[in-house]
Amino acid sequence: MKNLKFTLGIIFRDNVQFKRAVMMYSLVNGYGEIHFHRNEKLKITVKCAKDCPWMCVAGKMYGSNNIQIKTVIDDHTCGRTWANKNMTTSLLPDLYLNRIKLNPTWPVESFLSTVESEWNHGCTKMKAYKALNKDFKIIEGKHAEQYTKLWDFVEEVRRTNPGSTVKLKLDEGRFHMIYVCLEACKEGFKAGCRSLIGLDGCHLKVLHGGLLLCVVGIDPKDETWIIAYAVVEMENKATWIWFLQLLADDVSIENQNGWTFISDKQNGLILAFQKVLPRCHHRFCVRHLYTKYMNLFKGKTLKDALWGNYQKNNGSTFQKGDGGGLEAR
Ligand SMILES: [Zn+2]
C-alpha cells in the first residue's frame with residue numbers, strides 16, 4: 001500500500017474497492033486533502049488540495065461492472081497534513097477490527113494514541129470512540145450469535161467423534177458451562193499416558209468473559225497430551241466439582257490412590273478435590289508457586305534454592321535441602 005500508485009487502466013472490482021484504495025493511499029502517504037469531488041456508483045472523480053494538480057477519474061468499464069481508472073494526474077504540490085478527511089468512522093473500524101477482537105477492553109485514549117502514532121494523522125476522540133463502539137457491536141453480535149449455535153456444535157462433535165463426552169449446561173436458558181473430551185484424546189490418554197494430570201485455568205479475553213479450564217497428561221515422549229477442556233462462566237467449587245466428576249468418569253479413575261494431580265491454587269479447586277477425588281495425590285505446580293514466591297523473596301540465590309529443592313526426587317534429599325545451598329522446611 002505504501003507504494004500504491006494510481007495509473008491509467010488499473011481495474012477495481014467496484015466503486016467501493018476503488019474508494020477504499022483512495023482512502024488508504026491518502027492515509028499512508030499523508031495527503032490529507034484528497035477528497036471525492038464526484039461520487040457516483042459508476043463514475044468517481046477524486047481531487048487533492050485546492051492548488052494541488054493531483055486528480056484521478058474512474059468509471060465503469062465497457063461490458064463489465066468493474067471500475068477502471070480513466071484519467072490520472074499523479075503529481076502533488078501539497079504537503080503532508082496532520083488532519084485527514086479520510087480517517088473516517090467507516091474506515092477505522094475495518095482497520096482495527098482484528099486487534100479490537102484481541103483487546104475488547106481497549107480504552108479510547110490508548111486507541112486514539114495508537115491510531116495517531118501508526119498513521120501520523122490526527123483523529124478526534126469522537127471518531128475513535130465511534131470506531132471502537134462499531135467494532136464492539138460487530139464482535140458482540142458475532143459472539144452472541146455463536147452461543148446460539150452451541151447445541152449444533154455439541155451434536156456435530158458427537159456425530160463426528162462417537163464416544164466423545166460433550167456436556168453443555170445452561171442456567172435458566174443462558175450458557176453456563178461446556179465440557180469437551182474427545183474420544184481420541186480420552187482413549188489415547190488411557191492407553192499410553194501416566195496417571196498424572198495437570199489442571200489449569202485462564203481467563204478468556206473476550207467481551208463475554210469466562211474461563212477456559214484445561215487438563216493435560218504427559219505422553220510417553222514426555223510431551224503434553226490434551227485430555228479435556230471446558231469453558232465456564234466462573235471458577236468456583238461447583239464448577240470444579242462438575243468438571244472433576246466428568247473427568248474422573250472419562251479417564252476411568254477407580255483406584256484414586258494411584259493418581260496424581262498438579263495444579264495452581266485455583267478458586268474452589270481444593271474443596272472440589274476433597275469432595276470428588278479425596279484420595280488422589282494433589283500437588284501444586286512450582287512454576288505457579290514461584291510467581292507468588294518471587295514477589296516476596298527476590299534474587300537469584302533464593303530462586304535457585306526453590307528450584308533446586310523441587311528437583312529432588314525423594315523425601316530425604318528434599319529435607320536435606322542442598323539445592324542452592326539453603327535448607328528447605
Ligand atoms: Zn496533493
# chains A, B, ... in the order shown; residues from 1 in each chain; ligands from 1
call {"tool": "closest_atom_pairs", "arguments": {"of": "chain A", "to": "ligand 1", "cutoff": "12 Å", "atoms": "only C-alpha atoms and all ligand atoms", "output": "JSON lines"}}
result
{"residue": "A:Tyr25", "atom": "CA", "partner": "ligand 1", "partner_atom_place_in_ligand_line": "1 (Zn)", "distance": 11.3}
{"residue": "A:Ser26", "atom": "CA", "partner": "ligand 1", "partner_atom_place_in_ligand_line": "1 (Zn)", "distance": 9.2}
{"residue": "A:Asn29", "atom": "CA", "partner": "ligand 1", "partner_atom_place_in_ligand_line": "1 (Zn)", "distance": 10.0}
{"residue": "A:Gly30", "atom": "CA", "partner": "ligand 1", "partner_atom_place_in_ligand_line": "1 (Zn)", "distance": 9.2}
{"residue": "A:Tyr31", "atom": "CA", "partner": "ligand 1", "partner_atom_place_in_ligand_line": "1 (Zn)", "distance": 5.9}
{"residue": "A:Gly32", "atom": "CA", "partner": "ligand 1", "partner_atom_place_in_ligand_line": "1 (Zn)", "distance": 8.1}
{"residue": "A:Glu33", "atom": "CA", "partner": "ligand 1", "partner_atom_place_in_ligand_line": "1 (Zn)", "distance": 6.8}
{"residue": "A:Ile34", "atom": "CA", "partner": "ligand 1", "partner_atom_place_in_ligand_line": "1 (Zn)", "distance": 6.8}
{"residue": "A:His35", "atom": "CA", "partner": "ligand 1", "partner_atom_place_in_ligand_line": "1 (Zn)", "distance": 10.1}
{"residue": "A:Val46", "atom": "CA", "partner": "ligand 1", "partner_atom_place_in_ligand_line": "1 (Zn)", "distance": 10.8}
{"residue": "A:Lys47", "atom": "CA", "partner": "ligand 1", "partner_atom_place_in_ligand_line": "1 (Zn)", "distance": 7.9}
{"residue": "A:Cys48", "atom": "CA", "partner": "ligand 1", "partner_atom_place_in_ligand_line": "1 (Zn)", "distance": 4.6}
{"residue": "A:Ala49", "atom": "CA", "partner": "ligand 1", "partner_atom_place_in_ligand_line": "1 (Zn)", "distance": 5.5}
{"residue": "A:Lys50", "atom": "CA", "partner": "ligand 1", "partner_atom_place_in_ligand_line": "1 (Zn)", "distance": 8.5}
{"residue": "A:Asp51", "atom": "CA", "partner": "ligand 1", "partner_atom_place_in_ligand_line": "1 (Zn)", "distance": 8.0}
{"residue": "A:Cys52", "atom": "CA", "partner": "ligand 1", "partner_atom_place_in_ligand_line": "1 (Zn)", "distance": 4.8}
{"residue": "A:Pro53", "atom": "CA", "partner": "ligand 1", "partner_atom_place_in_ligand_line": "1 (Zn)", "distance": 6.8}
{"residue": "A:Trp54", "atom": "CA", "partner": "ligand 1", "partner_atom_place_in_ligand_line": "1 (Zn)", "distance": 5.5}
{"residue": "A:Met55", "atom": "CA", "partner": "ligand 1", "partner_atom_place_in_ligand_line": "1 (Zn)", "distance": 8.3}
{"residue": "A:Cys56", "atom": "CA", "partner": "ligand 1", "partner_atom_place_in_ligand_line": "1 (Zn)", "distance": 11.3}
{"residue": "A:Ile73", "atom": "CA", "partner": "ligand 1", "partner_atom_place_in_ligand_line": "1 (Zn)", "distance": 10.3}
{"residue": "A:Asp74", "atom": "CA", "partner": "ligand 1", "partner_atom_place_in_ligand_line": "1 (Zn)", "distance": 8.9}
{"residue": "A:Asp75", "atom": "CA", "partner": "ligand 1", "partner_atom_place_in_ligand_line": "1 (Zn)", "distance": 7.2}
{"residue": "A:His76", "atom": "CA", "partner": "ligand 1", "partner_atom_place_in_ligand_line": "1 (Zn)", "distance": 4.1}
{"residue": "A:Thr77", "atom": "CA", "partner": "ligand 1", "partner_atom_place_in_ligand_line": "1 (Zn)", "distance": 5.6}
{"residue": "A:Cys78", "atom": "CA", "partner": "ligand 1", "partner_atom_place_in_ligand_line": "1 (Zn)", "distance": 4.4}
{"residue": "A:Gly79", "atom": "CA", "partner": "ligand 1", "partner_atom_place_in_ligand_line": "1 (Zn)", "distance": 7.0}
{"residue": "A:Arg80", "atom": "CA", "partner": "ligand 1", "partner_atom_place_in_ligand_line": "1 (Zn)", "distance": 8.5}
{"residue": "A:Thr81", "atom": "CA", "partner": "ligand 1", "partner_atom_place_in_ligand_line": "1 (Zn)", "distance": 10.0}
call {"tool": "closest_atom_pairs", "arguments": {"of": "range 171-243 of chain A", "to": "range 252-259 of chain A", "cutoff": "12 Å", "atoms": "only C-alpha atoms", "output": "JSON lines"}}
result
{"residue": "A:Lys186", "atom": "CA", "partner": "A:Ser252", "partner_atom": "CA", "distance": 9.6}
{"residue": "A:Glu187", "atom": "CA", "partner": "A:Ser252", "partner_atom": "CA", "distance": 10.3}
{"residue": "A:Phe189", "atom": "CA", "partner": "A:Ser252", "partner_atom": "CA", "distance": 10.6}
{"residue": "A:Lys190", "atom": "CA", "partner": "A:Ser252", "partner_atom": "CA", "distance": 8.2}
{"residue": "A:Ala191", "atom": "CA", "partner": "A:Ser252", "partner_atom": "CA", "distance": 11.6}
{"residue": "A:Cys193", "atom": "CA", "partner": "A:Trp259", "partner_atom": "CA", "distance": 11.7}
{"residue": "A:Arg194", "atom": "CA", "partner": "A:Trp259", "partner_atom": "CA", "distance": 8.7}
{"residue": "A:Ser195", "atom": "CA", "partner": "A:Trp259", "partner_atom": "CA", "distance": 5.1}
{"residue": "A:Leu196", "atom": "CA", "partner": "A:Trp259", "partner_atom": "CA", "distance": 6.0}
{"residue": "A:Ile197", "atom": "CA", "partner": "A:Trp259", "partner_atom": "CA", "distance": 7.9}
{"residue": "A:Gly198", "atom": "CA", "partner": "A:Trp259", "partner_atom": "CA", "distance": 11.1}
{"residue": "A:Gly217", "atom": "CA", "partner": "A:Trp259", "partner_atom": "CA", "distance": 11.4}
call {"tool": "residues_around", "arguments": {"residues": "range 139-151 of chain A", "least_positions_apart": "5", "cutoff": "9 Å", "atoms": "only C-alpha atoms", "output": "VMD selection string"}}
result
chain A and resid 97 100 to 101 104 134 156 168 175 206 to 208
call {"tool": "atom_distance", "arguments": {"atom1": "CA of Ala83 in chain A", "atom2": "CA of Asn98 in chain A"}}
result
24.7 Å
call {"tool": "residues_around", "arguments": {"residues": "Leu132 in chain A", "least_positions_apart": "2", "cutoff": "12 Å", "atoms": "only C-alpha atoms", "output": "JSON, numbers by chain"}}
result
{"A": [89, 90, 91, 92, 93, 94, 95, 96, 97, 98, 99, 100, 101, 103, 104, 105, 106, 107, 108, 109, 110, 111, 112, 115, 125, 126, 127, 128, 129, 130, 134, 135, 136, 137, 138, 139, 140]}
call {"tool": "residues_around", "arguments": {"residues": "range 285-293 of chain A", "least_positions_apart": "3", "cutoff": "10 Å", "atoms": "only C-alpha atoms", "output": "list in words"}}
result
Gly198, Leu199, Asp200, Phe261, Ile262, Ser263, Asp264, Lys265, His282, Leu296, Phe297, Lys298, Leu302, Lys303, Leu306, Trp307, Tyr310 and Gln311 of chain A
call {"tool": "closest_atom_pairs", "arguments": {"of": "range 36-95 of chain A", "to": "range 4-22 of chain A", "cutoff": "10 Å", "atoms": "only C-alpha atoms", "output": "JSON lines"}}
result
{"residue": "A:Phe36", "atom": "CA", "partner": "A:Lys19", "partner_atom": "CA", "distance": 8.5}
{"residue": "A:Asn39", "atom": "CA", "partner": "A:Asn15", "partner_atom": "CA", "distance": 9.0}
{"residue": "A:Glu40", "atom": "CA", "partner": "A:Asn15", "partner_atom": "CA", "distance": 8.3}
{"residue": "A:Lys41", "atom": "CA", "partner": "A:Asn15", "partner_atom": "CA", "distance": 6.1}
{"residue": "A:Leu42", "atom": "CA", "partner": "A:Asn15", "partner_atom": "CA", "distance": 7.0}
{"residue": "A:Lys43", "atom": "CA", "partner": "A:Asn15", "partner_atom": "CA", "distance": 8.1}
{"residue": "A:Ile44", "atom": "CA", "partner": "A:Asn15", "partner_atom": "CA", "distance": 7.7}
{"residue": "A:Val46", "atom": "CA", "partner": "A:Val22", "partner_atom": "CA", "distance": 8.2}
{"residue": "A:Met55", "atom": "CA", "partner": "A:Phe6", "partner_atom": "CA", "distance": 9.5}
{"residue": "A:Cys56", "atom": "CA", "partner": "A:Phe6", "partner_atom": "CA", "distance": 7.5}
{"residue": "A:Val57", "atom": "CA", "partner": "A:Leu8", "partner_atom": "CA", "distance": 9.4}
{"residue": "A:Ala58", "atom": "CA", "partner": "A:Phe18", "partner_atom": "CA", "distance": 8.2}
{"residue": "A:Gly59", "atom": "CA", "partner": "A:Asn15", "partner_atom": "CA", "distance": 8.4}
{"residue": "A:Lys60", "atom": "CA", "partner": "A:Asp14", "partner_atom": "CA", "distance": 8.4}
{"residue": "A:Met61", "atom": "CA", "partner": "A:Ile11", "partner_atom": "CA", "distance": 8.5}
{"residue": "A:Ser64", "atom": "CA", "partner": "A:Arg13", "partner_atom": "CA", "distance": 9.9}
{"residue": "A:Asn65", "atom": "CA", "partner": "A:Asp14", "partner_atom": "CA", "distance": 6.9}
{"residue": "A:Asn66", "atom": "CA", "partner": "A:Arg13", "partner_atom": "CA", "distance": 5.0}
{"residue": "A:Ile67", "atom": "CA", "partner": "A:Phe12", "partner_atom": "CA", "distance": 5.1}
{"residue": "A:Gln68", "atom": "CA", "partner": "A:Ile11", "partner_atom": "CA", "distance": 4.4}
{"residue": "A:Ile69", "atom": "CA", "partner": "A:Gly9", "partner_atom": "CA", "distance": 5.1}
{"residue": "A:Lys70", "atom": "CA", "partner": "A:Leu8", "partner_atom": "CA", "distance": 5.9}
{"residue": "A:Thr71", "atom": "CA", "partner": "A:Leu8", "partner_atom": "CA", "distance": 6.3}
{"residue": "A:Val72", "atom": "CA", "partner": "A:Thr7", "partner_atom": "CA", "distance": 6.4}
{"residue": "A:Ile73", "atom": "CA", "partner": "A:Thr7", "partner_atom": "CA", "distance": 8.5}
{"residue": "A:Asp74", "atom": "CA", "partner": "A:Phe6", "partner_atom": "CA", "distance": 7.1}
{"residue": "A:Asn86", "atom": "CA", "partner": "A:Val22", "partner_atom": "CA", "distance": 8.8}
{"residue": "A:Leu91", "atom": "CA", "partner": "A:Arg20", "partner_atom": "CA", "distance": 8.0}
call {"tool": "residues_around", "arguments": {"residues": "Ala184 in chain A", "least_positions_apart": "3", "cutoff": "9 Å", "atoms": "only C-alpha atoms", "output": "VMD selection string"}}
result
chain A and resid 161 163 to 164 181 187 to 189
call {"tool": "residues_around", "arguments": {"residues": "Lys167 in chain A", "least_positions_apart": "2", "cutoff": "9 Å", "atoms": "only C-alpha atoms", "output": "list in words"}}
result
Val154, Thr165, Lys169, Met177, Ile178, Tyr179, Val180 and Leu246 of chain A
call {"tool": "closest_residue", "arguments": {"among": "A:Gly173, A:Gly268, A:Gly192, A:Gly299", "to": "Glu223 in chain A", "atoms": "only C-alpha atoms"}}
result
A:Gly192
call {"tool": "closest_residue", "arguments": {"among": "A:Met294, A:Met87, A:Leu102, A:Val232", "to": "Cys123 in chain A", "atoms": "only C-alpha atoms"}}
result
A:Met87
call {"tool": "select_by_dssp", "arguments": {"residues": "range 67-165 of chain A", "states": "strand (DSSP E)", "output": "list in words"}}
result
Ile67, Gln68, Ile69, Lys70, Thr71, Val72, Ile73 and Thr165 of chain A
call {"tool": "atom_distance", "arguments": {"atom1": "CA of Ile227 in chain A", "atom2": "CA of Glu172 in chain A"}}
result
29.1 Å
call {"tool": "select_by_dssp", "arguments": {"residues": "range 51-126 of chain A", "states": "alpha helix (DSSP H)", "output": "count of residues only"}}
result
26
